[in-house]
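Peer 1: Below you will find the structure I want to go over with you.
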Amino acid sequence: MKCVIPKQNLKILSRALNTICRIGEDLYIEPNSSQLLMHTTNSWHTVYAWFKFDSSFFSSYFYTKEDEQNSDSSLKCKISLKSCITIFKSPHLARCLESCYMEIKSNADTITIQLRYSNFCVKTYLIPVLEYSALQVNQNVETSRILCIDSKVLSAAVKHFQNSETDISLDVTTEKVLFKTHSESCRDIRKMLRTELSLQSSEFDIYDVCGGTCITFCLKEIRPLLAFAEYMSLPVIIRFSSPGMPMVFGLKNGFIYESQYILSTMSDNGLSGETESLQLNINAIENTQSTDTGVQQENQSLILNRRPLIHSNLLTPMRVQVEYPDSISRKRKHSSSQQSQKKINSNNTNSVIEHFREEYLDDDVLLSQVADFHVNDAANQICVNNDGNSILGLTGHMFARCYTLPAGNSPKKGKVIVYDSDGLGSLKFETSSRDDRVSSKIQKCPSKISCHVRECAKCSYSRFLLM
Amino acid sequence: MKFRGKIIDPNCMKQFYSIVIILSKLCKSVVLRLSSTKLYLIALNESNNNQISVWSVLDQQSFFKEYNIIGETESNEIFFSLPIDMFASSLSSAKQSNLKTLKMKLTDKLSPCLTIELELESQVSSKQLCVHDIPVSVILPKDWSEYNEPSIPSHNISVVMPSIRIVRHIVDKMKRICPKLIVTLGSTGKMVLGVSNFSATVDTHFTGLEIIGLQNTTDDEKNYSTTVDIKKFSQFLNCETLNLSKILCHVVEDLLLHCSIEEDEYVLHYFLSGIED
């Protein structure tokens, strides 16, 4: 799937992502032939939020035949929301930003996001995919009562509540709606500020409550959505049925984009006072690791199961690459024609190495072609091959990829050079040919390297060579 | 015991809110003393034998449109304490321009409460009503004596404070040097703020201040100084809403630094007792 988001819609996307990032840590992306779905849930599975962008939101939206042929889930992926947010943070969305290009390939290990600037600068982000899995949620929420209200009125109303307020009750009658401080929280109700706000039914655009009810939900989770709705000046639609059953906050801008927050409400037995903790309905959301099983799992065990997986995957950091056009003068040693060779691309790695050698390492001989492999494990390893060559496999903490080279027969044994992809910075340190020395030297390195890499991480990622 | 008050003028609401905000910066809980003509907001300094640190008096008539009080004693007064942060946050809606009326009353819901009713005008003709219940604890008449008007020792000197923004800026910088601030007022209309530590002594001189009162009017120049906790002084200066007011500064040598705002509608006194060098 490939798509391009135009400049004016980038702000909406950025706002949406910033709204959704207050909920969960992972972002699930599900493209299909006509729309792009982004959704997340929090760790307790009490809130489920999604944003759906229609193909008209994008200036172009390609869903290739290949994508269609593949099974449904092959494009459904999970990425870290944090890494996504850093791309779409407002300072990055500078004035000269033209468009954003996004590509999701079936079963590739990264998602490509490219920010294109009006000065022909292109910034490429490769976001590692944590998992190819879908978040499956039972969205058949029974909603017998519907309220629709201007987001300005609603957000002004909730501003009367203290910021520390987590849960509020929504008491609806046929004439009016009462928002009030939830009275059964663990705190002593007699010592806290109680707030009650009434809105007449005439404030609402749609007021269908069929009798009255009183439900309690988490205000904290909903505040970001209200801020988004206020910014876009869209009305908010609240749908709910009875206490304990999930409720839905929705907003919709024509067919272009749509969002919904499904959140659990406090059930009646929570009010009985048997347990002090909040009894929240989690049935609305069921998350399955694989799409086939569809088995509803116990929430707690689900979280535990997922944890190790996430950790191992998070070690692969996001990669960023910036391409500058020729027009931007930079203090480079290289001519512009050579710059094109420096694009980070695993296919032309060899040419980059070649070029690098020509530029800097005239005396050095590369012993072997650079191998490219992915590091998944956290441990720092120095392995010694049978033929006496040592292989450097540095930790995946800092580096997306490491390059390994046998170093046995080199006339200039054990020289380690680290350089970043555009060749602007490099770091060399000598190691002895004896394996034990190699390992000791290298184990000292990571701190150095990490400093170095962090500096250049803004524009590129680094590679390793062992010569 | 009954109390009801209603403010409808937006300026009065803002002024009332700004007074509450000043107090909320200076203390955690405040005692509200209501009498038939005046409304007192009193804060005690718990760390210093419950001496009064803030004493403010609001003239009922200039704030309230309606004001009814029925006390249980002959003096027709009510005393209760309440957490000032809750009071401030429930009044924060007074900033909104669509506020029509602000009502305050004492109620008994679950516990004794000061109920604040805000009537808001909405775009649609119907009204919105926001009710805040602040839990209060009523103070019995036998304990009232603690909240009597503090007897202010006669000041050695009183001057008008220089621009509070400048003083705030300087005091905030001085805070890093030393926790104690020496405030000196001179009979020539001079104010000196000084801090010192082992390596440095910093003094800032403000001159040409208007002198309001002077104890002995001999011709010699005389300085009166007192040492106070710089953090507490800076807390006072950091109240944003003070910016526009004329602040008086009084010193009783070695004993007290007393800042006051005296307007027609209200009076606010802040007492900072001197600490030893």
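Residue numbering restarts at 1 in every chain; chains get A, B, ... in the order shown in the structure tokens, and ligands count up from 1 in that same order.
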May I have the residues of chain B within 6 Å of chain A, counting only C-alpha atoms, written as an NGL selection string?
Peer 2: :B and (128-135)
Peer 1: Kindly export the residues of the current selection with all heavy atoms, as an mmCIF file, in the first residue's frame.
Peer 2:
data_model
loop_
_atom_site.group_PDB
_atom_site.id
_atom_site.type_symbol
_atom_site.label_atom_id
_atom_site.label_comp_id
_atom_site.auth_asym_id
_atom_site.auth_seq_id
_atom_site.Cartn_x
_atom_site.Cartn_y
_atom_site.Cartn_z
ATOM 1 N N GLN B 128 -26.871 27.009 31.375
ATOM 2 C CA GLN B 128 -26.116 25.911 31.951
ATOM 3 C C GLN B 128 -25.899 26.226 33.408
ATOM 4 O O GLN B 128 -25.685 27.371 33.768
ATOM 5 C CB GLN B 128 -24.749 25.796 31.287
ATOM 6 C CG GLN B 128 -24.791 25.343 29.855
ATOM 7 C CD GLN B 128 -23.397 25.318 29.247
ATOM 8 O OE1 GLN B 128 -22.415 25.507 29.923
ATOM 9 N NE2 GLN B 128 -23.341 25.084 27.960
ATOM 10 N N LEU B 129 -25.915 25.187 34.200
ATOM 11 C CA LEU B 129 -25.716 25.394 35.626
ATOM 12 C C LEU B 129 -24.578 24.499 36.090
ATOM 13 O O LEU B 129 -24.567 23.302 35.832
ATOM 14 C CB LEU B 129 -27.013 25.051 36.373
ATOM 15 C CG LEU B 129 -27.071 25.488 37.817
ATOM 16 C CD1 LEU B 129 -27.098 26.997 37.928
ATOM 17 C CD2 LEU B 129 -28.291 24.890 38.485
ATOM 18 N N CYS B 130 -23.615 25.109 36.730
ATOM 19 C CA CYS B 130 -22.501 24.327 37.250
ATOM 20 C C CYS B 130 -22.459 24.508 38.756
ATOM 21 O O CYS B 130 -22.462 25.634 39.251
ATOM 22 C CB CYS B 130 -21.212 24.795 36.618
ATOM 23 S SG CYS B 130 -19.806 23.816 37.110
ATOM 24 N N VAL B 131 -22.449 23.416 39.475
ATOM 25 C CA VAL B 131 -22.477 23.479 40.942
ATOM 26 C C VAL B 131 -21.235 22.806 41.497
ATOM 27 O O VAL B 131 -20.930 21.673 41.155
ATOM 28 C CB VAL B 131 -23.744 22.773 41.493
ATOM 29 C CG1 VAL B 131 -23.781 22.891 43.005
ATOM 30 C CG2 VAL B 131 -24.994 23.344 40.873
ATOM 31 N N HIS B 132 -20.514 23.538 42.323
ATOM 32 C CA HIS B 132 -19.359 22.953 43.007
ATOM 33 C C HIS B 132 -19.664 22.895 44.500
ATOM 34 O O HIS B 132 -20.106 23.884 45.074
ATOM 35 C CB HIS B 132 -18.122 23.825 42.817
ATOM 36 C CG HIS B 132 -17.672 23.958 41.402
ATOM 37 N ND1 HIS B 132 -16.935 22.996 40.763
ATOM 38 C CD2 HIS B 132 -17.829 24.948 40.502
ATOM 39 C CE1 HIS B 132 -16.660 23.396 39.536
ATOM 40 N NE2 HIS B 132 -17.200 24.570 39.337
ATOM 41 N N ASP B 133 -19.419 21.753 45.091
ATOM 42 C CA ASP B 133 -19.570 21.630 46.543
ATOM 43 C C ASP B 133 -18.184 21.504 47.157
ATOM 44 O O ASP B 133 -17.482 20.527 46.909
ATOM 45 C CB ASP B 133 -20.386 20.383 46.902
ATOM 46 C CG ASP B 133 -21.828 20.517 46.457
ATOM 47 O OD1 ASP B 133 -22.327 21.645 46.508
ATOM 48 O OD2 ASP B 133 -22.435 19.508 46.055
ATOM 49 N N ILE B 134 -17.846 22.480 47.954
ATOM 50 C CA ILE B 134 -16.551 22.430 48.625
ATOM 51 C C ILE B 134 -16.781 22.025 50.070
ATOM 52 O O ILE B 134 -17.512 22.697 50.800
ATOM 53 C CB ILE B 134 -15.853 23.800 48.584
ATOM 54 C CG1 ILE B 134 -15.776 24.300 47.152
ATOM 55 C CG2 ILE B 134 -14.476 23.735 49.215
ATOM 56 C CD1 ILE B 134 -15.478 25.762 47.053
ATOM 57 N N PRO B 135 -16.217 20.924 50.501
ATOM 58 C CA PRO B 135 -16.411 20.526 51.898
ATOM 59 C C PRO B 135 -15.754 21.537 52.833
ATOM 60 O O PRO B 135 -14.629 21.975 52.588
ATOM 61 C CB PRO B 135 -15.736 19.159 51.978
ATOM 62 C CG PRO B 135 -14.798 19.108 50.839
ATOM 63 C CD PRO B 135 -15.350 19.990 49.770
#
Peer 1: With a distance cut-off of 8 Å and only C-alpha atoms, select the neighbouring residues of region 87-93 of chain B, excluding the residue or stretch itself and same-chain residues fewer than 2 positions from it, and output the selection as number ranges by chain.
Peer 2: A: 160, 162; B: 17, 20-21, 24, 82-85, 95-96, 99, 116, 118, 132, 134
Peer 1: Nearest to Gly194 (chain B): which of B:Thr37, B:Ser53, B:Thr227, B:Asn238 is it, counting only C-alpha atoms?
Peer 2: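 Looking only at the distances to Gly194 (chain B), the closest residue turns out to be B:Thr227.
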Peer 1: Rounded to one decimal place, report the CA of Tyr67 (chain B)-CA of Arg4 (chain B) distance in Å.
Peer 2: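 Separating CA of Tyr67 (chain B) from CA of Arg4 (chain B) is a distance of 5.8 Å.
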Peer 1: So what do you get for CA of His205 (chain B) versus CA of Thr184 (chain B), distance-wise?
Peer 2: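 About the pair CA of His205 (chain B) and CA of Thr184 (chain B): they are 9.3 Å apart.
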Peer 1: Hey, what's within 9 Å of Lys7 (chain A) if we count only C-alpha atoms and toss same-chain stuff fewer than 5 positions away? As JSON, numbers by chain, please?
Peer 2: {"A": [97, 98, 99, 100]}
Peer 1: Find the distance between CA of Thr204 (chain B) and CA of Val192 (chain B) and write it in Å to one decimal.
Peer 2: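 It comes out at 5.4 Å.
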